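Undergrad: I'm passing along input-v5.cif; it holds mmCIF, N, CA and C atoms.
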```
data_final
loop_
_atom_site.group_PDB
_atom_site.id
_atom_site.type_symbol
_atom_site.label_atom_id
_atom_site.label_comp_id
_atom_site.auth_asym_id
_atom_site.auth_seq_id
_atom_site.Cartn_x
_atom_site.Cartn_y
_atom_site.Cartn_z
ATOM 1 N N MET A 1 0.626 -8.143 -2.936
ATOM 2 C CA MET A 1 -0.621 -8.535 -3.535
ATOM 3 C C MET A 1 -1.136 -7.339 -4.325
ATOM 4 N N LYS A 2 -1.712 -7.623 -5.445
ATOM 5 C CA LYS A 2 -2.156 -6.575 -6.349
ATOM 6 C C LYS A 2 -3.681 -6.438 -6.313
ATOM 7 N N LEU A 3 -4.142 -5.192 -6.242
ATOM 8 C CA LEU A 3 -5.563 -4.857 -6.334
ATOM 9 C C LEU A 3 -5.709 -3.936 -7.530
ATOM 10 N N VAL A 4 -6.547 -4.319 -8.484
ATOM 11 C CA VAL A 4 -6.718 -3.545 -9.716
ATOM 12 C C VAL A 4 -8.114 -2.959 -9.746
ATOM 13 N N LEU A 5 -8.189 -1.634 -9.915
ATOM 14 C CA LEU A 5 -9.461 -0.932 -10.061
ATOM 15 C C LEU A 5 -9.629 -0.603 -11.531
ATOM 16 N N GLU A 6 -10.796 -0.829 -12.051
ATOM 17 C CA GLU A 6 -11.023 -0.727 -13.496
ATOM 18 C C GLU A 6 -11.178 0.694 -14.018
ATOM 19 N N SER A 7 -10.890 1.676 -13.208
ATOM 20 C CA SER A 7 -10.985 3.054 -13.679
ATOM 21 C C SER A 7 -9.924 3.898 -13.000
ATOM 22 N N GLN A 8 -9.712 5.075 -13.542
ATOM 23 C CA GLN A 8 -8.799 6.007 -12.912
ATOM 24 C C GLN A 8 -9.562 6.710 -11.794
ATOM 25 N N VAL A 9 -8.916 6.902 -10.695
ATOM 26 C CA VAL A 9 -9.529 7.572 -9.558
ATOM 27 C C VAL A 9 -8.534 8.583 -8.999
ATOM 28 N N ASN A 10 -9.005 9.440 -8.114
ATOM 29 C CA ASN A 10 -8.099 10.331 -7.407
ATOM 30 C C ASN A 10 -7.387 9.484 -6.363
ATOM 31 N N ILE A 11 -6.140 9.161 -6.627
ATOM 32 C CA ILE A 11 -5.390 8.235 -5.787
ATOM 33 C C ILE A 11 -5.268 8.746 -4.354
ATOM 34 N N TYR A 12 -5.002 10.035 -4.193
ATOM 35 C CA TYR A 12 -4.828 10.587 -2.849
ATOM 36 C C TYR A 12 -6.101 10.424 -2.025
ATOM 37 N N ASN A 13 -7.255 10.754 -2.602
ATOM 38 C CA ASN A 13 -8.526 10.619 -1.884
ATOM 39 C C ASN A 13 -8.842 9.161 -1.588
ATOM 40 N N LEU A 14 -8.596 8.294 -2.550
ATOM 41 C CA LEU A 14 -8.859 6.870 -2.385
ATOM 42 C C LEU A 14 -8.063 6.300 -1.214
ATOM 43 N N MET A 15 -6.781 6.584 -1.175
ATOM 44 C CA MET A 15 -5.931 6.027 -0.130
ATOM 45 C C MET A 15 -6.219 6.672 1.225
ATOM 46 N N ARG A 16 -6.558 7.937 1.232
ATOM 47 C CA ARG A 16 -6.923 8.602 2.485
ATOM 48 C C ARG A 16 -8.186 7.980 3.070
ATOM 49 N N ARG A 17 -9.180 7.699 2.206
ATOM 50 C CA ARG A 17 -10.416 7.037 2.659
ATOM 51 C C ARG A 17 -10.126 5.665 3.242
ATOM 52 N N ALA A 18 -9.098 5.001 2.738
ATOM 53 C CA ALA A 18 -8.737 3.670 3.221
ATOM 54 C C ALA A 18 -7.805 3.730 4.444
ATOM 55 N N GLY A 19 -7.469 4.941 4.925
ATOM 56 C CA GLY A 19 -6.667 5.080 6.132
ATOM 57 C C GLY A 19 -5.169 5.147 5.919
ATOM 58 N N TYR A 20 -4.743 5.422 4.700
ATOM 59 C CA TYR A 20 -3.316 5.468 4.377
ATOM 60 C C TYR A 20 -2.801 6.903 4.351
ATOM 61 N N HIS A 21 -1.502 7.044 4.604
ATOM 62 C CA HIS A 21 -0.830 8.339 4.574
ATOM 63 C C HIS A 21 0.172 8.347 3.436
ATOM 64 N N PHE A 22 0.227 9.473 2.731
ATOM 65 C CA PHE A 22 1.176 9.624 1.631
ATOM 66 C C PHE A 22 2.591 9.668 2.184
ATOM 67 N N GLU A 23 3.510 8.928 1.530
ATOM 68 C CA GLU A 23 4.926 8.933 1.921
ATOM 69 C C GLU A 23 5.793 9.653 0.907
ATOM 70 N N LYS A 24 5.683 9.230 -0.369
ATOM 71 C CA LYS A 24 6.559 9.810 -1.382
ATOM 72 C C LYS A 24 6.096 9.409 -2.779
ATOM 73 N N LYS A 25 6.634 10.140 -3.751
ATOM 74 C CA LYS A 25 6.446 9.762 -5.152
ATOM 75 C C LYS A 25 7.742 9.103 -5.584
ATOM 76 N N ASP A 26 7.630 7.911 -6.170
ATOM 77 C CA ASP A 26 8.789 7.147 -6.604
ATOM 78 C C ASP A 26 8.598 6.817 -8.079
ATOM 79 N N LYS A 27 9.212 7.601 -8.947
ATOM 80 C CA LYS A 27 9.040 7.482 -10.393
ATOM 81 C C LYS A 27 7.571 7.708 -10.734
ATOM 82 N N GLU A 28 6.881 6.720 -11.287
ATOM 83 C CA GLU A 28 5.473 6.898 -11.661
ATOM 84 C C GLU A 28 4.511 6.320 -10.628
ATOM 85 N N GLU A 29 5.049 5.920 -9.486
ATOM 86 C CA GLU A 29 4.213 5.352 -8.441
ATOM 87 C C GLU A 29 4.183 6.271 -7.226
ATOM 88 N N LEU A 30 3.067 6.220 -6.516
ATOM 89 C CA LEU A 30 2.932 6.947 -5.263
ATOM 90 C C LEU A 30 2.986 5.933 -4.136
ATOM 91 N N ALA A 31 3.727 6.238 -3.082
ATOM 92 C CA ALA A 31 3.857 5.326 -1.949
ATOM 93 C C ALA A 31 3.011 5.831 -0.788
ATOM 94 N N PHE A 32 2.244 4.909 -0.182
ATOM 95 C CA PHE A 32 1.385 5.196 0.959
ATOM 96 C C PHE A 32 1.627 4.137 2.022
ATOM 97 N N SER A 33 1.339 4.463 3.282
ATOM 98 C CA SER A 33 1.453 3.461 4.332
ATOM 99 C C SER A 33 0.355 3.637 5.369
ATOM 100 N N ARG A 34 0.106 2.529 6.084
ATOM 101 C CA ARG A 34 -0.858 2.521 7.188
ATOM 102 C C ARG A 34 -0.261 1.665 8.295
ATOM 103 N N ILE A 35 0.059 2.294 9.406
ATOM 104 C CA ILE A 35 0.657 1.587 10.536
ATOM 105 C C ILE A 35 -0.415 0.740 11.205
ATOM 106 N N ILE A 36 -0.101 -0.529 11.433
ATOM 107 C CA ILE A 36 -1.071 -1.417 12.076
ATOM 108 C C ILE A 36 -0.582 -1.934 13.421
ATOM 109 N N GLY A 37 0.628 -1.618 13.779
ATOM 110 C CA GLY A 37 1.176 -2.067 15.054
ATOM 111 C C GLY A 37 1.065 -0.989 16.112
ATOM 112 N N VAL A 38 1.421 -1.327 17.331
ATOM 113 C CA VAL A 38 1.365 -0.375 18.434
ATOM 114 C C VAL A 38 2.761 0.055 18.882
ATOM 115 N N SER A 39 3.768 -0.426 18.205
ATOM 116 C CA SER A 39 5.139 -0.104 18.570
ATOM 117 C C SER A 39 5.480 1.326 18.159
ATOM 118 N N LYS A 40 6.386 1.948 18.890
ATOM 119 C CA LYS A 40 6.820 3.312 18.576
ATOM 120 C C LYS A 40 7.681 3.372 17.316
ATOM 121 N N SER A 41 8.114 2.215 16.830
ATOM 122 C CA SER A 41 8.966 2.171 15.644
ATOM 123 C C SER A 41 8.193 2.444 14.355
ATOM 124 N N GLY A 42 6.857 2.335 14.420
ATOM 125 C CA GLY A 42 6.056 2.514 13.210
ATOM 126 C C GLY A 42 5.867 1.235 12.416
ATOM 127 N N TYR A 43 6.229 0.126 13.008
ATOM 128 C CA TYR A 43 6.109 -1.177 12.349
ATOM 129 C C TYR A 43 5.329 -2.113 13.254
ATOM 130 N N PRO A 44 4.646 -3.077 12.729
ATOM 131 C CA PRO A 44 4.449 -3.375 11.310
ATOM 132 C C PRO A 44 3.536 -2.337 10.660
ATOM 133 N N LYS A 45 3.680 -2.224 9.351
ATOM 134 C CA LYS A 45 2.835 -1.303 8.597
ATOM 135 C C LYS A 45 2.518 -1.903 7.239
ATOM 136 N N LEU A 46 1.380 -1.518 6.727
ATOM 137 C CA LEU A 46 0.997 -1.903 5.369
ATOM 138 C C LEU A 46 1.533 -0.826 4.446
ATOM 139 N N HIS A 47 2.103 -1.252 3.357
ATOM 140 C CA HIS A 47 2.763 -0.345 2.430
ATOM 141 C C HIS A 47 2.169 -0.565 1.045
ATOM 142 N N ALA A 48 1.732 0.509 0.408
ATOM 143 C CA ALA A 48 1.099 0.395 -0.901
ATOM 144 C C ALA A 48 1.789 1.308 -1.909
ATOM 145 N N TYR A 49 2.066 0.758 -3.082
ATOM 146 C CA TYR A 49 2.524 1.545 -4.220
ATOM 147 C C TYR A 49 1.373 1.594 -5.205
ATOM 148 N N VAL A 50 0.987 2.804 -5.606
ATOM 149 C CA VAL A 50 -0.183 2.985 -6.456
ATOM 150 C C VAL A 50 0.225 3.702 -7.729
ATOM 151 N N LYS A 51 -0.284 3.193 -8.862
ATOM 152 C CA LYS A 51 -0.030 3.870 -10.132
ATOM 153 C C LYS A 51 -1.235 3.688 -11.050
ATOM 154 N N ILE A 52 -1.290 4.524 -12.055
ATOM 155 C CA ILE A 52 -2.330 4.414 -13.075
ATOM 156 C C ILE A 52 -1.672 3.913 -14.340
ATOM 157 N N ASP A 53 -2.192 2.799 -14.858
ATOM 158 C CA ASP A 53 -1.699 2.246 -16.117
ATOM 159 C C ASP A 53 -2.255 3.118 -17.241
ATOM 160 N N LYS A 54 -1.387 3.774 -17.961
ATOM 161 C CA LYS A 54 -1.814 4.723 -18.994
ATOM 162 C C LYS A 54 -2.435 4.052 -20.209
ATOM 163 N N VAL A 55 -2.176 2.775 -20.401
ATOM 164 C CA VAL A 55 -2.750 2.051 -21.534
ATOM 165 C C VAL A 55 -4.149 1.543 -21.204
ATOM 166 N N SER A 56 -4.287 0.855 -20.090
ATOM 167 C CA SER A 56 -5.574 0.261 -19.721
ATOM 168 C C SER A 56 -6.448 1.205 -18.893
ATOM 169 N N HIS A 57 -5.878 2.310 -18.419
ATOM 170 C CA HIS A 57 -6.569 3.284 -17.569
ATOM 171 C C HIS A 57 -7.044 2.662 -16.262
ATOM 172 N N GLN A 58 -6.314 1.667 -15.772
ATOM 173 C CA GLN A 58 -6.632 1.036 -14.500
ATOM 174 C C GLN A 58 -5.778 1.655 -13.399
ATOM 175 N N THR A 59 -6.322 1.660 -12.190
ATOM 176 C CA THR A 59 -5.556 2.053 -11.017
ATOM 177 C C THR A 59 -5.052 0.766 -10.375
ATOM 178 N N ILE A 60 -3.750 0.665 -10.186
ATOM 179 C CA ILE A 60 -3.144 -0.564 -9.674
ATOM 180 C C ILE A 60 -2.512 -0.275 -8.316
ATOM 181 N N ILE A 61 -2.943 -1.046 -7.312
ATOM 182 C CA ILE A 61 -2.407 -0.918 -5.959
ATOM 183 C C ILE A 61 -1.610 -2.183 -5.653
ATOM 184 N N ASN A 62 -0.314 -2.036 -5.435
ATOM 185 C CA ASN A 62 0.542 -3.149 -5.018
ATOM 186 C C ASN A 62 0.763 -3.005 -3.521
ATOM 187 N N LEU A 63 0.289 -3.994 -2.770
ATOM 188 C CA LEU A 63 0.272 -3.920 -1.322
ATOM 189 C C LEU A 63 1.175 -4.981 -0.704
ATOM 190 N N HIS A 64 1.895 -4.606 0.337
ATOM 191 C CA HIS A 64 2.660 -5.585 1.102
ATOM 192 C C HIS A 64 2.726 -5.145 2.565
ATOM 193 N N LEU A 65 3.117 -6.077 3.411
ATOM 194 C CA LEU A 65 3.236 -5.838 4.840
ATOM 195 C C LEU A 65 4.715 -5.762 5.205
ATOM 196 N N ASP A 66 5.120 -4.626 5.761
ATOM 197 C CA ASP A 66 6.480 -4.471 6.279
ATOM 198 C C ASP A 66 6.446 -4.857 7.749
ATOM 199 N N GLN A 67 7.131 -5.944 8.094
ATOM 200 C CA GLN A 67 7.105 -6.437 9.468
ATOM 201 C C GLN A 67 7.999 -5.629 10.404
ATOM 202 N N LYS A 68 9.138 -5.187 9.880
ATOM 203 C CA LYS A 68 10.066 -4.448 10.734
ATOM 204 C C LYS A 68 10.896 -3.488 9.901
ATOM 205 N N LYS A 69 11.497 -2.564 10.583
ATOM 206 C CA LYS A 69 12.347 -1.568 9.958
ATOM 207 C C LYS A 69 13.595 -2.236 9.381
ATOM 208 N N PRO A 70 14.099 -1.747 8.245
ATOM 209 C CA PRO A 70 15.340 -2.311 7.705
ATOM 210 C C PRO A 70 16.460 -2.233 8.739
ATOM 211 N N ILE A 71 17.260 -3.275 8.820
ATOM 212 C CA ILE A 71 18.308 -3.301 9.838
ATOM 213 C C ILE A 71 19.663 -2.820 9.328
ATOM 214 N N TYR A 72 19.821 -2.695 8.031
ATOM 215 C CA TYR A 72 21.082 -2.237 7.463
ATOM 216 C C TYR A 72 20.893 -0.841 6.899
ATOM 217 N N LYS A 73 21.687 0.092 7.367
ATOM 218 C CA LYS A 73 21.582 1.467 6.876
ATOM 219 C C LYS A 73 22.053 1.539 5.434
ATOM 220 N N GLY A 74 21.297 2.251 4.616
ATOM 221 C CA GLY A 74 21.660 2.441 3.225
ATOM 222 C C GLY A 74 21.306 1.280 2.314
ATOM 223 N N VAL A 75 20.745 0.215 2.874
ATOM 224 C CA VAL A 75 20.352 -0.949 2.078
ATOM 225 C C VAL A 75 18.822 -0.998 2.042
ATOM 226 N N PRO A 76 18.225 -1.030 0.855
ATOM 227 C CA PRO A 76 16.763 -0.971 0.764
ATOM 228 C C PRO A 76 16.058 -2.290 1.072
ATOM 229 N N ALA A 77 16.708 -3.227 1.711
ATOM 230 C CA ALA A 77 16.083 -4.514 2.027
ATOM 231 C C ALA A 77 15.265 -4.396 3.303
ATOM 232 N N HIS A 78 14.150 -5.116 3.335
ATOM 233 C CA HIS A 78 13.329 -5.148 4.529
ATOM 234 C C HIS A 78 12.596 -6.473 4.607
ATOM 235 N N SER A 79 11.934 -6.672 5.714
ATOM 236 C CA SER A 79 11.195 -7.908 5.929
ATOM 237 C C SER A 79 9.749 -7.680 5.499
ATOM 238 N N ALA A 80 9.410 -8.036 4.265
ATOM 239 C CA ALA A 80 8.079 -7.758 3.724
ATOM 240 C C ALA A 80 7.367 -9.044 3.336
ATOM 241 N N GLU A 81 6.055 -9.012 3.501
ATOM 242 C CA GLU A 81 5.208 -10.123 3.081
ATOM 243 C C GLU A 81 4.275 -9.608 1.994
ATOM 244 N N TYR A 82 4.292 -10.270 0.845
ATOM 245 C CA TYR A 82 3.489 -9.838 -0.287
ATOM 246 C C TYR A 82 2.189 -10.623 -0.410
ATOM 247 N N LYS A 83 2.020 -11.635 0.411
ATOM 248 C CA LYS A 83 0.783 -12.391 0.453
ATOM 249 C C LYS A 83 0.627 -12.925 1.865
ATOM 250 N N GLY A 84 -0.487 -13.533 2.132
ATOM 251 C CA GLY A 84 -0.744 -14.042 3.472
ATOM 252 C C GLY A 84 -2.017 -13.448 4.035
ATOM 253 N N GLU A 85 -2.389 -13.907 5.210
ATOM 254 C CA GLU A 85 -3.672 -13.551 5.807
ATOM 255 C C GLU A 85 -3.833 -12.043 6.038
ATOM 256 N N VAL A 86 -2.821 -11.397 6.580
ATOM 257 C CA VAL A 86 -2.926 -9.967 6.871
ATOM 258 C C VAL A 86 -3.114 -9.167 5.591
ATOM 259 N N VAL A 87 -2.335 -9.476 4.577
ATOM 260 C CA VAL A 87 -2.423 -8.749 3.305
ATOM 261 C C VAL A 87 -3.767 -9.031 2.626
ATOM 262 N N GLU A 88 -4.215 -10.272 2.641
ATOM 263 C CA GLU A 88 -5.498 -10.617 2.026
ATOM 264 C C GLU A 88 -6.653 -9.920 2.721
ATOM 265 N N LYS A 89 -6.618 -9.863 4.046
ATOM 266 C CA LYS A 89 -7.672 -9.165 4.795
ATOM 267 C C LYS A 89 -7.661 -7.674 4.500
ATOM 268 N N GLU A 90 -6.478 -7.111 4.315
ATOM 269 C CA GLU A 90 -6.386 -5.688 4.008
ATOM 270 C C GLU A 90 -6.947 -5.382 2.626
ATOM 271 N N VAL A 91 -6.680 -6.232 1.655
ATOM 272 C CA VAL A 91 -7.253 -6.040 0.321
ATOM 273 C C VAL A 91 -8.774 -6.065 0.414
ATOM 274 N N GLU A 92 -9.315 -6.999 1.171
ATOM 275 C CA GLU A 92 -10.771 -7.085 1.344
ATOM 276 C C GLU A 92 -11.303 -5.847 2.062
ATOM 277 N N ARG A 93 -10.580 -5.354 3.060
ATOM 278 C CA ARG A 93 -10.995 -4.148 3.775
ATOM 279 C C ARG A 93 -11.027 -2.941 2.847
ATOM 280 N N ILE A 94 -10.005 -2.810 2.008
ATOM 281 C CA ILE A 94 -9.963 -1.698 1.048
ATOM 282 C C ILE A 94 -11.140 -1.796 0.087
ATOM 283 N N ARG A 95 -11.439 -2.993 -0.397
ATOM 284 C CA ARG A 95 -12.593 -3.175 -1.292
ATOM 285 C C ARG A 95 -13.885 -2.729 -0.619
ATOM 286 N N GLN A 96 -14.048 -3.071 0.655
ATOM 287 C CA GLN A 96 -15.261 -2.681 1.376
ATOM 288 C C GLN A 96 -15.332 -1.179 1.559
ATOM 289 N N VAL A 97 -14.211 -0.562 1.909
ATOM 290 C CA VAL A 97 -14.176 0.897 2.088
ATOM 291 C C VAL A 97 -14.558 1.593 0.786
ATOM 292 N N LEU A 98 -14.103 1.038 -0.325
ATOM 293 C CA LEU A 98 -14.363 1.666 -1.638
ATOM 294 C C LEU A 98 -15.686 1.220 -2.250
ATOM 295 N N GLY A 99 -16.374 0.299 -1.586
ATOM 296 C CA GLY A 99 -17.656 -0.172 -2.101
ATOM 297 C C GLY A 99 -17.527 -1.058 -3.329
ATOM 298 N N LEU A 100 -16.457 -1.844 -3.398
ATOM 299 C CA LEU A 100 -16.234 -2.716 -4.567
ATOM 300 C C LEU A 100 -16.728 -4.114 -4.297
#
```
Rewrite the structure from the file as C-alpha cells, please.

TA:
Amino acid sequence: MKLVLESQVNIYNLMRRAGYHFEKKDKEELAFSRIIGVSKSGYPKLHAYVKIDKVSHQTIINLHLDQKKPIYKGVPAHSAEYKGEVVEKEVERIRQVLGL
C-alpha cells in the first residue's frame, strides 16, 4: 500500500517517529521495518520502502506486511501482503503519528 506525503521530509526522522528501524539502502529507496509479532524470528513485520520523487518532490512510502521469513535461501521471495486490514491500519497509524 502506498502512502504519499506532499513534501520532502527527513526520511530517517519520519520513520523513527513512526517506530521503524533502518535496514538498508536499495538503489534510490531506503528500507525500514517494524516488528509487530512476538516471535523470536522477527516476523511478522511491517516493511516500508521510502523514496523521494525528484520530479514531484513527494515522499513515497510503499508499505507491506511480511508474514514470515523466506523459506528458500538465496531466493528473494517471501510471504507479503500489500493490502488488507493490518496494512490499512498501519497507514492510518503513521498518518496519526505524523499529524496528517

Undergrad: So how far away is atom C of Leu3 in chain A from atom C of Ile60 in chain A, in Å?

TA: 4.9 Å

Undergrad: Run DSSP on the backbone of this structure and report the residues of range 21-96 of chain A it assigns to strand (DSSP E), as a PyMOL selection string.

TA: chain A and resi 21-26+29-35+45-52+59-68+79-81

Undergrad: I'd like the residues picked by the PyMOL selection byres ((chain A and resi 5) around 6.5) written out as a list in words, using the chain letters and numbers from the file.

TA: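 Selection result, ordered by chain and number: Leu3, Val4, Glu6, Ser7, Gln8, His57, Gln58, Thr59, Ile60 and Ile61 of chain A.
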
Undergrad: Take CA of Ile35 in chain A and CA of Leu65 in chain A and report the distance between them in Å, one decimal.

TA: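 Going from CA of Ile35 in chain A over to CA of Leu65 in chain A covers 9.7 Å.
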
Undergrad: To verify the selection step, state as a count of residues only which residues the PyMOL selection byres ((chain A and resi 46) around 7) yields on this input.

TA: 13

Undergrad: For Gly42 in chain A, which residue out of A:Ser79, A:Asn10, A:Gln67, A:Gln96 is the nearest one, using only C-alpha atoms?

TA: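 Of the candidates, the smallest distance to Gly42 in chain A is held by A:Gln67.
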
Undergrad: Record the distance separating atom C of Val50 in chain A and atom N of Arg93 in chain A, expressed in Å with one decimal.

TA: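 Distance reported for this atom pair: 17.8 Å.
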
Undergrad: If DSSP is run on the backbone, what residues of chain A are alpha helix (DSSP H)? A reply as a ChimeraX atom specification would be ideal.

TA: /A:11-17,85-98
